[in-house]
file model.txt (compact mmCIF, C-alpha atoms)
# COMPACT_ATOMS: atom_id res chain seq x y z
CA MET H 1 37.19 114.79 130.50
CA ASN H 2 40.47 115.92 132.01
CA SER H 3 42.06 112.56 131.45
CA LEU H 4 40.82 112.51 127.87
CA ILE H 5 42.51 115.84 127.21
CA ARG H 6 45.66 114.57 128.90
CA PHE H 7 45.51 111.45 126.74
CA ILE H 8 45.15 113.54 123.58
CA VAL H 9 48.01 115.83 124.57
CA ARG H 10 50.30 112.96 125.46
CA HIS H 11 49.62 111.01 122.27
CA GLN H 12 49.13 114.01 120.00
CA PHE H 13 51.89 112.89 117.62
CA PHE H 14 50.41 109.45 117.12
CA LEU H 15 46.82 110.75 116.91
CA LEU H 16 47.72 113.38 114.34
CA PHE H 17 49.50 110.67 112.38
CA LEU H 18 46.34 108.56 112.43
CA VAL H 19 44.17 111.49 111.32
CA LEU H 20 46.45 112.42 108.41
CA GLU H 21 46.96 108.82 107.33
CA THR H 22 43.18 108.24 107.38
CA PHE H 23 42.76 111.38 105.32
CA SER H 24 45.17 110.22 102.64
CA PHE H 25 43.69 106.73 102.50
CA TRP H 26 40.31 108.38 102.15
CA LEU H 27 41.72 110.34 99.19
CA LEU H 28 43.05 107.11 97.77
CA SER H 29 39.80 105.20 98.11
CA THR H 30 37.42 107.87 96.84
CA HIS H 31 39.50 108.64 93.82
CA SER H 32 38.54 106.27 91.07
CA TYR H 33 38.89 107.34 87.50
CA TYR H 34 35.18 107.60 86.79
CA GLN H 35 34.67 110.20 89.50
CA SER H 36 37.01 112.84 88.25
CA THR H 37 36.85 115.55 90.87
CA LYS H 38 36.73 119.31 90.63
CA PHE H 39 40.14 119.34 92.25
CA GLU H 40 41.54 117.29 89.45
CA ASN H 41 40.04 119.57 86.83
CA ALA H 42 41.52 122.59 88.57
CA THR H 43 44.97 121.08 88.77
CA ARG H 44 44.98 119.47 85.35
CA ALA H 45 45.53 122.83 83.70
CA LEU H 46 48.76 123.20 85.68
CA THR H 47 49.98 119.63 85.47
CA GLY H 48 49.08 119.49 81.79
CA PHE H 49 51.10 122.63 81.20
CA THR H 50 54.22 121.30 82.91
CA SER H 51 53.83 117.95 81.24
CA SER H 52 53.67 119.48 77.78
CA ARG H 53 56.92 121.35 78.51
CA ILE H 54 58.58 118.05 79.40
CA SER H 55 57.28 116.28 76.34
CA ASN H 56 58.30 119.18 74.08
CA ALA H 57 61.85 118.68 75.24
CA SER H 58 61.92 114.91 74.99
CA LYS H 59 60.17 114.95 71.60
CA TYR H 60 63.29 116.43 70.01
CA LEU H 61 65.39 113.54 71.17
CA LYS H 62 63.10 111.08 69.44
CA LEU H 63 62.70 113.00 66.17
CA ALA H 64 64.86 110.69 64.10
CA SER H 65 63.12 107.45 65.01
CA THR H 66 59.71 109.13 64.83
CA ASN H 67 60.46 110.35 61.32
CA GLU H 68 61.53 106.94 60.22
CA ARG H 69 58.39 105.35 61.61
CA LEU H 70 56.16 107.97 60.00
CA ALA H 71 57.83 107.49 56.65
CA GLN H 72 57.32 103.74 56.90
CA GLU H 73 53.71 104.30 57.88
CA ASN H 74 53.23 106.66 54.93
CA ILE H 75 54.46 104.00 52.54
CA ASN H 76 52.14 101.42 54.04
CA LEU H 77 49.18 103.78 53.84
CA ARG H 78 49.95 104.69 50.25
CA ASN H 79 50.10 101.03 49.33
CA GLN H 80 46.81 100.38 51.07
CA LEU H 81 45.26 103.40 49.43
CA ALA H 82 46.32 102.22 46.01
CA ALA H 83 45.01 98.72 46.63
CA LEU H 84 41.72 99.98 48.01
CA ASN H 85 41.30 102.48 45.21
CA THR H 86 41.45 99.80 42.55
CA ARG H 87 38.99 97.65 44.51
CA TYR H 88 36.72 100.65 44.96
CA GLU H 89 36.74 101.36 41.25
CA VAL H 90 35.82 97.76 40.50
CA LEU H 91 33.05 97.69 43.10
CA LYS H 92 31.65 101.05 42.06
CA THR H 93 31.07 99.87 38.53
CA LYS H 94 29.48 96.68 39.86
CA LEU H 95 27.27 98.04 42.64
CA GLY H 96 26.78 101.67 41.84
CA ASP H 97 27.74 104.21 44.45
CA THR H 98 26.94 102.50 47.75
CA LEU H 99 29.75 104.01 49.73
CA VAL H 100 28.49 104.80 53.24
CA ALA H 101 30.00 107.27 55.67
CA PRO H 102 32.64 105.66 57.90
CA ASN H 103 31.54 104.68 61.40
CA TYR H 104 34.43 106.34 63.18
CA SER H 105 36.25 109.63 62.94
CA TYR H 106 39.70 110.34 64.32
CA THR H 107 41.27 113.29 66.15
CA LEU H 108 45.05 113.63 66.00
CA SER H 109 46.75 114.24 69.33
CA ARG H 110 50.09 114.23 71.07
CA VAL H 111 50.97 112.42 74.28
CA VAL H 112 52.24 114.97 76.80
CA ASN H 113 52.57 112.69 79.81
CA ASN H 114 52.95 108.95 80.02
CA SER H 115 54.15 106.23 82.34
CA VAL H 116 54.69 102.50 82.11
CA ASN H 117 56.19 101.73 85.49
CA LYS H 118 53.15 101.81 87.74
CA GLN H 119 50.25 99.43 88.24
CA TYR H 120 47.72 102.10 87.25
CA ASN H 121 49.27 103.95 84.36
CA TYR H 122 47.70 107.02 82.81
CA LEU H 123 48.53 109.24 79.85
CA THR H 124 47.75 112.87 79.22
CA LEU H 125 46.86 114.10 75.73
CA ASN H 126 46.94 117.67 74.44
CA VAL H 127 43.37 117.58 73.16
CA GLY H 128 40.25 118.14 75.25
CA GLU H 129 36.62 119.20 75.18
CA LYS H 130 37.38 121.95 72.68
CA HIS H 131 38.47 119.31 70.18
CA GLY H 132 35.37 117.19 70.69
CA VAL H 133 36.96 114.65 73.00
CA LYS H 134 34.56 113.01 75.42
CA ARG H 135 34.93 110.51 78.20
CA GLU H 136 35.05 106.82 77.25
CA MET H 137 36.28 107.44 73.76
CA GLY H 138 39.02 105.11 72.57
CA VAL H 139 42.62 106.10 71.90
CA VAL H 140 44.72 104.28 69.30
CA SER H 141 48.12 104.70 67.71
CA SER H 142 49.44 103.38 64.44
CA GLN H 143 50.52 100.22 66.24
CA GLY H 144 47.44 99.38 68.30
CA VAL H 145 45.19 100.36 71.15
CA VAL H 146 46.50 102.88 73.68
CA GLY H 147 43.60 103.20 76.13
CA ILE H 148 40.31 104.89 76.93
CA ILE H 149 39.67 108.54 77.81
CA ALA H 150 39.04 108.86 81.56
CA GLY H 151 38.65 112.61 82.02
CA VAL H 152 38.61 115.76 79.92
CA SER H 153 39.23 119.44 80.56
CA PRO H 154 39.01 122.15 77.88
CA ASN H 155 42.52 121.57 76.54
CA TYR H 156 43.74 118.27 77.95
CA SER H 157 42.45 114.81 78.57
CA THR H 158 43.66 111.87 80.63
CA VAL H 159 43.69 108.34 79.30
CA ILE H 160 43.57 105.07 81.23
CA SER H 161 46.44 103.28 79.61
CA MET H 162 46.21 99.75 78.25
CA LEU H 163 48.92 99.28 80.91
CA ASN H 164 46.47 99.82 83.75
CA VAL H 165 45.37 96.74 85.66
CA ASP H 166 41.84 98.15 85.80
CA LEU H 167 41.31 98.22 82.04
CA LYS H 168 39.93 95.30 80.04
CA ILE H 169 39.28 95.47 76.33
CA SER H 170 37.51 93.08 74.04
CA ALA H 171 39.83 91.33 71.61
CA LYS H 172 39.69 88.40 69.22
CA LEU H 173 42.01 86.03 67.41
CA LYS H 174 42.34 87.21 63.85
CA ARG H 175 42.56 83.69 62.40
CA THR H 176 39.60 82.04 64.16
CA ASN H 177 37.49 85.05 65.20
CA HIS H 178 37.11 83.76 68.77
CA PHE H 179 36.89 86.67 71.18
CA GLY H 180 38.10 87.13 74.73
CA SER H 181 39.22 89.93 76.99
CA LEU H 182 42.62 91.51 77.05
CA TYR H 183 44.14 93.02 80.16
CA TRP H 184 47.49 93.81 81.76
CA ASP H 185 48.79 91.93 84.79
CA GLY H 186 51.05 94.78 85.88
CA LYS H 187 54.35 93.03 85.22
CA ASN H 188 55.93 93.53 81.81
CA TYR H 189 54.97 96.62 79.85
CA ARG H 190 55.39 94.78 76.53
CA GLU H 191 53.05 91.90 77.42
CA VAL H 192 49.33 91.59 78.22
CA LEU H 193 47.08 88.61 78.87
CA LEU H 194 44.23 87.31 76.73
CA THR H 195 41.64 85.22 78.57
CA ASP H 196 38.27 83.58 77.89
CA ILE H 197 39.42 81.78 74.74
CA PRO H 198 37.99 78.24 75.13
CA GLN H 199 40.38 75.31 75.24
CA HIS H 200 39.04 73.72 72.03
CA VAL H 201 40.16 76.65 69.91
CA PRO H 202 43.45 75.88 68.18
CA VAL H 203 45.95 78.58 69.11
CA SER H 204 49.58 78.77 68.10
CA ILE H 205 52.42 81.07 68.99
CA GLY H 206 52.61 84.02 66.62
CA ASP H 207 48.86 84.26 66.02
CA THR H 208 47.68 87.83 65.66
CA VAL H 209 45.25 89.37 68.16
CA VAL H 210 43.00 92.22 67.00
CA THR H 211 40.20 94.30 68.52
CA SER H 212 36.77 92.69 68.34
CA GLY H 213 34.73 95.82 67.62
CA PHE H 214 32.03 94.68 70.05
CA SER H 215 32.23 97.67 72.34
CA SER H 216 31.88 100.57 69.86
CA ILE H 217 34.81 102.22 71.66
CA PHE H 218 37.31 100.78 69.21
CA PRO H 219 36.75 99.85 65.58
CA ALA H 220 37.18 96.17 64.76
CA ASP H 221 40.43 94.64 63.48
CA ILE H 222 43.00 96.99 64.94
CA GLY H 223 46.16 94.91 65.36
CA LEU H 224 47.14 94.53 69.02
CA GLY H 225 49.93 91.99 69.18
CA THR H 226 50.94 88.40 68.69
CA ILE H 227 50.60 85.39 70.98
CA SER H 228 53.91 84.81 72.74
CA SER H 229 53.10 81.99 75.15
CA ILE H 230 50.28 79.51 75.71
CA GLN H 231 49.43 78.18 79.15
CA GLY H 232 46.45 76.89 81.09
CA LYS H 233 46.43 73.26 79.99
CA GLY H 234 43.71 71.39 81.89
CA SER H 235 41.45 74.37 82.54
CA ASN H 236 38.50 75.43 80.43
CA PHE H 237 40.23 78.41 78.91
CA HIS H 238 43.62 79.13 77.41
CA ASN H 239 45.89 81.42 79.35
CA LEU H 240 47.56 83.41 76.60
CA LYS H 241 50.30 86.00 76.75
CA VAL H 242 50.23 88.60 74.00
CA LYS H 243 53.28 90.56 72.95
CA LEU H 244 52.08 94.04 72.10
CA PHE H 245 52.97 95.68 68.78
CA ILE H 246 52.89 99.01 70.51
CA ASP H 247 55.82 100.21 72.60
CA PHE H 248 54.37 102.48 75.28
CA LYS H 249 57.76 103.99 76.00
CA GLN H 250 57.92 105.45 72.49
CA LEU H 251 54.38 106.71 72.30
CA ASN H 252 54.10 110.16 70.76
CA THR H 253 51.32 110.62 68.23
CA VAL H 254 47.95 109.02 68.91
CA TRP H 255 44.39 109.30 67.58
CA VAL H 256 41.24 109.70 69.62
CA VAL H 257 38.44 107.60 68.11
CA SER H 258 34.95 109.08 68.09
CA PRO H 259 32.18 106.69 67.13
CA ARG H 260 29.60 108.22 64.74
CA HIS H 261 26.43 106.34 65.57
CA GLU H 262 27.05 105.43 69.17
CA GLU H 263 23.78 106.75 70.62
CA GLU H 264 21.83 104.81 68.04
CA ARG H 265 23.68 101.63 68.85
CA VAL H 266 23.36 101.98 72.63
CA GLU H 267 19.67 102.82 72.32
CA LEU H 268 19.04 99.82 70.13
CA GLU H 269 20.92 97.51 72.46
CA ASN H 270 19.05 98.84 75.49
CA THR H 271 15.59 98.50 73.97
CA THR H 272 16.33 94.95 72.88
CA LYS H 273 17.42 94.01 76.37
CA LEU H 274 14.08 95.12 77.80
CA ARG H 275 12.10 92.49 75.91
CA MET T 276 64.55 130.79 111.74
CA LEU T 277 63.35 132.84 108.76
CA LYS T 278 66.53 131.92 106.93
CA ASP T 279 65.77 128.26 107.56
CA ILE T 280 62.23 128.59 106.22
CA VAL T 281 63.50 130.25 103.04
CA LYS T 282 66.22 127.61 102.66
CA TYR T 283 63.83 124.71 103.13
CA SER T 284 61.16 126.21 100.85
CA GLY T 285 63.75 126.58 98.11
CA LEU T 286 64.89 123.01 98.66
CA PHE T 287 61.28 121.81 98.55
CA VAL T 288 60.66 123.47 95.19
CA LEU T 289 63.97 122.16 93.86
CA LEU T 290 63.26 118.57 94.91
CA VAL T 291 59.69 118.60 93.57
CA ILE T 292 60.86 120.01 90.23
CA LEU T 293 63.69 117.46 90.06
CA GLN T 294 61.27 114.64 90.85
CA ILE T 295 58.59 115.65 88.37
CA PHE T 296 60.64 116.95 85.48
CA VAL T 297 63.59 114.60 85.61
CA LEU T 298 63.26 111.49 87.75
CA ASN T 299 59.67 110.65 86.79
CA ASN T 300 60.82 110.60 83.18
CA VAL T 301 63.81 108.39 83.88
CA GLN T 302 62.53 104.85 83.64
CA LEU T 303 65.40 102.54 84.41
CA SER T 304 63.23 99.43 84.33
CA GLY T 305 59.72 98.47 85.37
CA TYR T 306 61.05 97.63 88.80
CA ILE T 307 63.08 100.72 89.63
CA ASN T 308 61.44 104.06 90.37
CA PRO T 309 63.63 106.45 92.35
CA TYR T 310 61.74 108.92 94.54
CA LEU T 311 64.36 111.43 95.58
CA TYR T 312 61.83 113.89 97.00
CA VAL T 313 61.77 111.97 100.32
CA LEU T 314 65.19 113.53 100.98
CA PHE T 315 63.23 116.58 102.10
CA ILE T 316 61.74 114.70 105.07
CA LEU T 317 65.14 113.21 105.96
CA ILE T 318 66.96 116.52 106.33
CA LEU T 319 64.38 118.57 108.19
CA PRO T 320 65.92 120.06 111.36
CA TYR T 321 66.08 118.03 114.58
CA GLU T 322 64.01 120.54 116.54
CA ILE T 323 60.97 120.46 114.23
CA PRO T 324 57.83 119.77 116.31
CA GLY T 325 55.98 116.51 115.63
CA TRP T 326 52.84 118.07 114.22
CA ALA T 327 54.85 120.21 111.79
CA LEU T 328 56.80 117.15 110.67
CA LEU T 329 53.60 115.26 109.86
CA LEU T 330 52.07 118.27 108.08
CA VAL T 331 55.19 118.74 105.98
CA GLY T 332 54.90 115.05 105.09
CA LEU T 333 51.29 115.55 104.03
CA ILE T 334 52.08 118.64 101.93
CA THR T 335 55.05 116.98 100.24
CA GLY T 336 53.06 113.84 99.46
CA ILE T 337 50.04 115.72 98.12
CA THR T 338 52.22 117.91 95.91
CA ILE T 339 53.80 114.85 94.30
CA ASP T 340 50.40 113.12 94.09
CA THR T 341 48.90 116.07 92.23
CA PHE T 342 51.53 115.90 89.53
CA MET T 343 51.46 112.14 89.23
CA ASN T 344 47.67 111.61 89.32
CA THR T 345 48.02 109.24 92.28
CA TYR T 346 45.72 110.67 94.90
CA GLY T 347 46.72 109.60 98.40
CA MET T 348 49.46 107.15 97.49
CA HIS T 349 52.49 109.35 97.98
CA SER T 350 50.91 111.27 100.83
CA SER T 351 50.15 108.15 102.86
CA ALA T 352 53.70 106.87 102.34
CA THR T 353 55.32 110.21 103.13
CA ILE T 354 53.22 110.74 106.26
CA PHE T 355 54.19 107.28 107.46
CA MET T 356 57.84 108.07 106.84
CA ALA T 357 57.54 111.37 108.73
CA PHE T 358 55.89 109.47 111.59
CA MET T 359 58.78 106.99 111.72
CA ARG T 360 61.48 109.65 111.68
CA PRO T 361 61.56 110.61 115.40
CA TYR T 362 61.67 106.94 116.41
CA MET T 363 64.52 106.29 113.99
CA LEU T 364 66.44 109.30 115.33
CA ARG T 365 65.94 108.08 118.90
CA MET T 366 67.00 104.56 117.96
CA LEU T 367 70.15 105.66 116.16
CA ALA T 368 71.09 108.44 118.61
CA ASP T 369 74.52 108.28 120.27
CA ARG T 370 74.61 109.29 123.88
CA GLU T 371 76.49 112.54 123.25
CA ASP T 372 74.37 113.92 120.42
CA VAL T 373 70.93 113.72 122.01
CA ASP T 374 70.42 117.48 121.99
CA LYS T 375 72.08 118.18 118.68
CA LYS T 376 71.38 121.32 116.69
CA GLY T 377 70.91 121.51 112.94
CA SER T 378 69.74 118.65 110.77
CA PRO T 379 70.83 115.09 109.91
CA SER T 380 73.66 115.06 107.38
CA ILE T 381 76.61 112.98 106.28
CA SER T 382 79.14 115.54 107.46
CA GLY T 383 77.50 115.87 110.88
CA ASN T 384 76.64 112.24 111.63
CA GLY T 385 79.02 110.18 109.54
CA PHE T 386 78.42 108.13 106.43
CA VAL T 387 77.37 104.86 108.09
CA TRP T 388 74.94 106.58 110.42
CA PHE T 389 73.34 108.47 107.55
CA LEU T 390 73.21 105.40 105.33
CA LYS T 391 71.34 103.46 108.04
CA TYR T 392 69.03 106.37 108.78
CA ALA T 393 68.22 107.08 105.11
CA SER T 394 67.89 103.51 103.89
CA ILE T 395 65.52 102.37 106.65
CA LEU T 396 63.22 105.39 106.27
CA VAL T 397 63.31 105.16 102.47
CA PHE T 398 62.43 101.47 102.70
CA ALA T 399 59.49 102.26 105.01
CA HIS T 400 58.27 104.90 102.55
CA HIS T 401 58.63 102.68 99.48
CA LEU T 402 56.99 99.73 101.23
CA ILE T 403 53.81 101.71 101.93
CA LEU T 404 53.94 103.35 98.51
CA PHE T 405 54.28 100.23 96.38
CA PHE T 406 51.85 98.17 98.42
CA THR T 407 49.12 100.82 98.31
CA GLU T 408 49.81 101.05 94.60
CA ALA T 409 49.54 97.29 94.02
CA PHE T 410 46.69 97.01 96.55
CA SER T 411 46.53 93.24 96.51
CA ILE T 412 48.54 90.52 98.17
CA SER T 413 48.57 88.33 95.06
CA THR T 414 51.45 90.33 93.68
CA PHE T 415 53.32 90.21 97.00
CA LEU T 416 56.73 89.07 95.78
CA PRO T 417 57.04 91.31 92.69
CA THR T 418 55.94 94.27 94.80
CA LEU T 419 58.48 93.46 97.50
CA TRP T 420 61.14 93.16 94.83
CA ARG T 421 60.20 96.56 93.41
CA THR T 422 60.31 98.01 96.93
CA VAL T 423 63.81 96.68 97.60
CA LEU T 424 65.29 97.70 94.23
CA SER T 425 63.69 101.14 94.28
CA SER T 426 64.78 101.73 97.89
CA ILE T 427 68.38 100.99 96.96
CA THR T 428 68.21 103.32 93.96
CA THR T 429 66.54 106.10 95.92
CA THR T 430 69.11 105.78 98.72
CA ILE T 431 71.97 106.05 96.21
CA PHE T 432 70.36 109.16 94.70
CA ILE T 433 69.94 110.59 98.21
CA LEU T 434 73.60 110.00 99.09
CA ILE T 435 74.69 111.71 95.85
CA GLY T 436 72.27 114.54 96.58
CA MET T 437 73.61 114.89 100.12
CA TYR T 438 77.20 115.19 98.90
CA LEU T 439 76.20 117.91 96.41
CA PHE T 440 74.02 119.69 98.91
CA ASP T 441 76.57 119.49 101.73
CA ARG T 442 79.32 120.89 99.58
CA ARG T 443 77.16 123.84 98.62
CA SER T 444 76.36 124.65 102.25
CA HIS T 445 80.08 124.77 103.12
CA ILE T 446 80.69 127.68 100.74
call {"tool": "encode", "arguments": {"input": "model.txt", "output": "structure tokens"}}
result
Amino acid sequence: MNSLIRFIVRHQFFLLFLVLETFSFWLLSTHSYYQSTKFENATRALTGFTSSRISNASKYLKLASTNERLAQENINLRNQLAALNTRYEVLKTKLGDTLVAPNYSYTLSRVVNNSVNKQYNYLTLNVGEKHGVKREMGVVSSQGVVGIIAGVSPNYSTVISMLNVDLKISAKLKRTNHFGSLYWDGKNYREVLLTDIPQHVPVSIGDTVVTSGFSSIFPADIGLGTISSIQGKGSNFHNLKVKLFIDFKQLNTVWVVSPRHEEERVELENTTKLR
Amino acid sequence: MLKDIVKYSGLFVLLVILQIFVLNNVQLSGYINPYLYVLFILILPYEIPGWALLLVGLITGITIDTFMNTYGMHSSATIFMAFMRPYMLRMLADREDVDKKGSPSISGNGFVWFLKYASILVFAHHLILFFTEAFSISTFLPTLWRTVLSSITTTIFILIGMYLFDRRSHI
């Protein structure tokens, strides 16, 4: 007993180091994004507050380019609206009024914290429970998919970024409709990988990749990016690099996607699996 | 003693604010992330007891972790760096300044001494940080590359910081 105490006293520096290091690795291992802790909820109010101060300041510096992009987007939307309106008028006379409610609704939000330089990147948005945001909802911007909501507090929510090596989303080739999964390899923040596209599918550089709509998190046919390199000759699947349309360093305004009939869909899929 | 505590608390707040509000928003490239806050561990006084050194490392790391949503990453790296510090000091010590008062600085120890001291400890910190972040050996080389580039950047920031800080303490 005496020698044990002497041992502890003599090596107290090293032992304390071991204890503290074990503690922080324990923190590291228990903290995965699906188990958002009470601690995180308590601190998010503070970190969200400071982050929104930072983004308020940096938003001013980007006003010019943001304006330009919004104006361009407005024009595009107007054009689309006009085109769709004429088609709608034609269809209405043909089919009667069969317009159904859209499957998704959108909540406008601002990015108050963002990073692209880590392996596990997260964003913080200035909308939360109060605005109807729930976990596992999708987040999109005008240029493509941003990520999936990981945690919410009353006024803020955190998003697992597309640039997080843990996140995979279902995507398809717009031209051929073959689907695969899209994920980030943690290297270049403008490029992600598309896998599971079989070798027999003809792919060429510049092909557009869009969301598949299989997961009900994201609507189908949101543009994600274009194929920038094709590899994997000799294996069963293509190894495709996709250049993202979206520039995560310029992200400012995003939309949270809430699916309308999600419970119905999940219930249906579950009951069918049982048989 | 009390004056020291006030001085170091102020410095702590200053470094954390600088890290979170400024440096975390400066993204030079995907490979370079300066973490200036480790300067705090470098310039703690010589006489600080071992347990206090480790605890300060833990508190510093957890504070940064809280703001960056990276639970445990910065604290494990900072604790490791705090653990290495006494060994580094012993290794680099000249015979005459074994029982020195005050804290490590450029003016007190010379530029080359401080550069060695800072760069090795910063490298140790960044090595743990980036490898716990990557968490797999498949990305070994890119991670090592990030560690080296970021260590150089952080060390440069620290040297600049030391010159500013030293000048202020002369007044």
call {"tool": "closest_residue", "arguments": {"input": "model.txt", "among": "H:Leu4, H:Leu77, H:Ile160, H:Leu108", "to": "chain T", "atoms": "all atoms listed in the file"}}
result
H:Ile160
call {"tool": "residues_around", "arguments": {"input": "model.txt", "residues": "T:Leu317", "least_positions_apart": "5", "cutoff": "8 Å", "atoms": "all atoms listed in the file", "output": "number ranges by chain"}}
result
T: 360, 379, 393
call {"tool": "closest_residue", "arguments": {"input": "model.txt", "among": "T:Phe358, T:Phe398, T:Phe415, T:Tyr438", "to": "T:Pro324", "atoms": "all atoms listed in the file"}}
result
T:Phe358
call {"tool": "closest_residue", "arguments": {"input": "model.txt", "among": "T:Leu293, T:Leu390, T:Ile435, T:Ile307", "to": "chain H", "atoms": "only C-alpha atoms"}}
result
T:Ile307
call {"tool": "interface_residues", "arguments": {"input": "model.txt", "of": "chain T", "to": "chain H", "cutoff": "7 Å", "atoms": "all atoms listed in the file", "output": "MDAnalysis selection string"}}
result
chainID T and resid 296 305 325:326 329 342 346:348 350:351 354 358 408:409
call {"tool": "atom_distance", "arguments": {"input": "model.txt", "atom1": "atom CA of T:Pro417", "atom2": "atom CA of H:Ile205"}}
result
26.2 Å
call {"tool": "atom_distance", "arguments": {"input": "model.txt", "atom1": "atom CA of H:Gly151", "atom2": "atom CA of T:Thr407"}}
result
22.7 Å
call {"tool": "atom_distance", "arguments": {"input": "model.txt", "atom1": "atom CA of H:Asn236", "atom2": "atom CA of H:Phe179"}}
result
14.6 Å
call {"tool": "axis_aligned_box", "arguments": {"input": "model.txt", "around": "stretch 395-412 of chain T", "padding_each_side": "3 Å", "output": "lines of an AutoDock Vina configuration file"}}
result
center_x = 56.0
center_y = 98.0
center_z = 100.3
size_x = 25.0
size_y = 20.9
size_z = 18.6
call {"tool": "residues_around", "arguments": {"input": "model.txt", "residues": "T:Leu434", "least_positions_apart": "2", "cutoff": "12 Å", "atoms": "all atoms listed in the file", "output": "PyMOL selection string"}}
result
chain T and resi 311+314+317-318+380-382+385-394+397+427-432+436-441
call {"tool": "decode", "arguments": {"input": "model.txt", "residues": "stretch 224-229 of chain H", "atoms": "all heavy atoms", "output": "mmCIF file, in the first residue's frame"}}
result
data_model
loop_
_atom_site.group_PDB
_atom_site.id
_atom_site.type_symbol
_atom_site.label_atom_id
_atom_site.label_comp_id
_atom_site.auth_asym_id
_atom_site.auth_seq_id
_atom_site.Cartn_x
_atom_site.Cartn_y
_atom_site.Cartn_z
ATOM 1 N N LEU H 224 -26.316 18.909 -58.419
ATOM 2 C CA LEU H 224 -25.237 18.832 -57.430
ATOM 3 C C LEU H 224 -23.905 19.270 -58.021
ATOM 4 O O LEU H 224 -23.158 20.012 -57.403
ATOM 5 C CB LEU H 224 -25.104 17.390 -56.920
ATOM 6 C CG LEU H 224 -26.268 16.887 -56.093
ATOM 7 C CD1 LEU H 224 -26.173 15.394 -55.905
ATOM 8 C CD2 LEU H 224 -26.281 17.577 -54.747
ATOM 9 N N GLY H 225 -23.599 18.774 -59.223
ATOM 10 C CA GLY H 225 -22.322 19.132 -59.821
ATOM 11 C C GLY H 225 -22.138 18.400 -61.125
ATOM 12 O O GLY H 225 -23.060 17.741 -61.607
ATOM 13 N N THR H 226 -20.940 18.520 -61.685
ATOM 14 C CA THR H 226 -20.669 17.833 -62.936
ATOM 15 C C THR H 226 -19.470 16.901 -62.759
ATOM 16 O O THR H 226 -18.592 17.170 -61.948
ATOM 17 C CB THR H 226 -20.347 18.819 -64.067
ATOM 18 O OG1 THR H 226 -19.295 19.674 -63.602
ATOM 19 C CG2 THR H 226 -21.554 19.642 -64.438
ATOM 20 N N ILE H 227 -19.472 15.808 -63.536
ATOM 21 C CA ILE H 227 -18.373 14.850 -63.471
ATOM 22 C C ILE H 227 -17.089 15.535 -63.942
ATOM 23 O O ILE H 227 -17.073 16.147 -65.004
ATOM 24 C CB ILE H 227 -18.657 13.645 -64.388
ATOM 25 C CG1 ILE H 227 -20.011 13.032 -64.076
ATOM 26 C CG2 ILE H 227 -17.523 12.642 -64.314
ATOM 27 C CD1 ILE H 227 -20.036 12.019 -63.023
ATOM 28 N N SER H 228 -16.028 15.432 -63.141
ATOM 29 C CA SER H 228 -14.783 16.078 -63.545
ATOM 30 C C SER H 228 -13.686 15.074 -63.845
ATOM 31 O O SER H 228 -12.724 15.408 -64.531
ATOM 32 C CB SER H 228 -14.315 17.055 -62.472
ATOM 33 O OG SER H 228 -14.014 16.364 -61.291
ATOM 34 N N SER H 229 -13.782 13.844 -63.323
ATOM 35 C CA SER H 229 -12.804 12.843 -63.747
ATOM 36 C C SER H 229 -13.390 11.456 -63.584
ATOM 37 O O SER H 229 -14.238 11.225 -62.723
ATOM 38 C CB SER H 229 -11.493 12.985 -62.975
ATOM 39 O OG SER H 229 -11.482 12.136 -61.863
#
